[in-house]
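One structure is given below, encoded as structure tokens.
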Amino acid sequence: METKIVFITGASSGIGEGCARKFASQGWNLILNARTVSKLEKLKSELEAANGVQVYILPFDVRDRKQAALALETLPEKWKSIDVLVNNAGLVIGVDKEFEGNLDEWDVVIDTNIKALLAMTRLVVPGMVERGRGHIINIGSIAGDAAYPGGSVYCATKAAVKALSDGLRIDLVDTPLRVTNIKPGMVETNFTVVRYRGDRQAADNFYKGIRPLTGDDIAETVYFAASAPAHIQIAEVLLMPTYQATGTISYKKKEE
Ligand code: 8X3
């Protein structure tokens, strides 16, 4: 059987790194994107050695459309037939109220979570349509289901990811391509440190009393969707830790 290729954005940490590990463990070849080359190189050596797969690293800032287009164009021919695109790169900066936050920070969040996801889709999906096969897996969030305090802009971007996923599924309905929106709740990754602008203590406090999901947990679900039989389209998955019920309601045990 031909080895499949998965392209993962934001692959150097968290859910993206978890996906890289999971797909590699199942024998897939990987195209890994992130900004930091050194982290990708380390992951490449590790995953190639452990799994006997091939890893192609493609470092660029997903917000830079020109760089993204160039990177895709310069992919060697054998790497161009991408089977699965995991649009994972995303972030939130700060927990400010909508009328108080920093517009420049919000530009970064909107440009990454919405515009870059759209640009990657625009770059990769035409080839999938041409080849008559492909799967786009967007990493949305429970935050896209309902706004919560201090999350206004982030929640808006993840609601956009839902609309972009649903819209793409509609636009591809007459093709064999599949579109999946994976919506995690609390996941412990560097994401939360960035949310608290580098305040590790605040990030740790956020998870006190509850066992959050890990990037690897989310990767299991991403892979489940990617490896489902061709006639099954996992459209959406909402997953959260036991003891979390909604974006705002969770039960945190008091520490003794
Ligand atoms: C991030 C998950 O629960 O902080 O997408 O909104 S949450």
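Residue names in the structure tokens use chain letters A, B, ... in the order shown, residue numbers from 1 in each chain, and ligand numbers from 1 in the order shown.
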
Counting only C-alpha atoms, which residues of range 194-227 of chain A fall within 12 Å of range 26-48 of chain A, and what is the closest atom pair for each with its distance in Å at one decimal, ordered by chain and rising number, as a tab-separated table?
```
residue	atom	partner	partner_atom	distance
A:Ala219	CA	A:Gln26	CA	12.0
A:Glu220	CA	A:Gln26	CA	11.2
A:Tyr223	CA	A:Gln26	CA	9.2
A:Phe224	CA	A:Gln26	CA	11.3
A:Ala226	CA	A:Trp28	CA	11.2
A:Ser227	CA	A:Gln26	CA	9.9
```

Problem set entry | Within 10 Å of ligand 1 (only C-alpha atoms and all ligand atoms), residues as a PyMOL selection string | chain A and resi 90-92+139-148+151+154-155+158+183-189+191-192+195+206+212+239-241+244+246-250

For this session: Among the residues of range 31-133 of chain A, find those DSSP assigns to strand (DSSP E or B) from the backbone and print them as a list in words.
Result: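 Reading the DSSP output for range 31-133 of chain A, strand (DSSP E or B) covers Ile31, Leu32, Val55, Tyr56, Ile57, Val84, Leu85, Val86 and Asn87 of chain A.
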
For this session: Could you give me, as an MDAnalysis selection string, the residues within 7 Å of Arg178 in chain A, counting only C-alpha atoms and dropping anything in the same chain fewer than 3 positions from it?
Result: chainID A and resid 134:136 169 233

Exercise. Which polymer residues have any atom within 8 Å of an atom of range 119-124 of chain A, counting only C-alpha atoms, with same-chain residues fewer than 4 positions away left out, as an MDAnalysis selection string?
Worked result: chainID A and resid 62 65 68:69 72 82 85 87 115 128 136

For this session: Please give the complete set of residues from range 60-233 of chain A that DSSP, run on the backbone, assigns to helix (DSSP H, G or I), formatted as a PyMOL selection string.
Result: chain A and resi 65-73+77-79+103-131+142-144+152-171+190-195+200-206+215-226

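In this structure, CA of Ala24 in chain A sits 24.1 Å away from CA of Leu238 in chain A.
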
Exercise. How many Å separate CA of Gly215 in chain A from CA of Gly18 in chain A?
Worked result: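 Atom-to-atom, CA of Gly215 in chain A and CA of Gly18 in chain A are spaced 5.1 Å apart.
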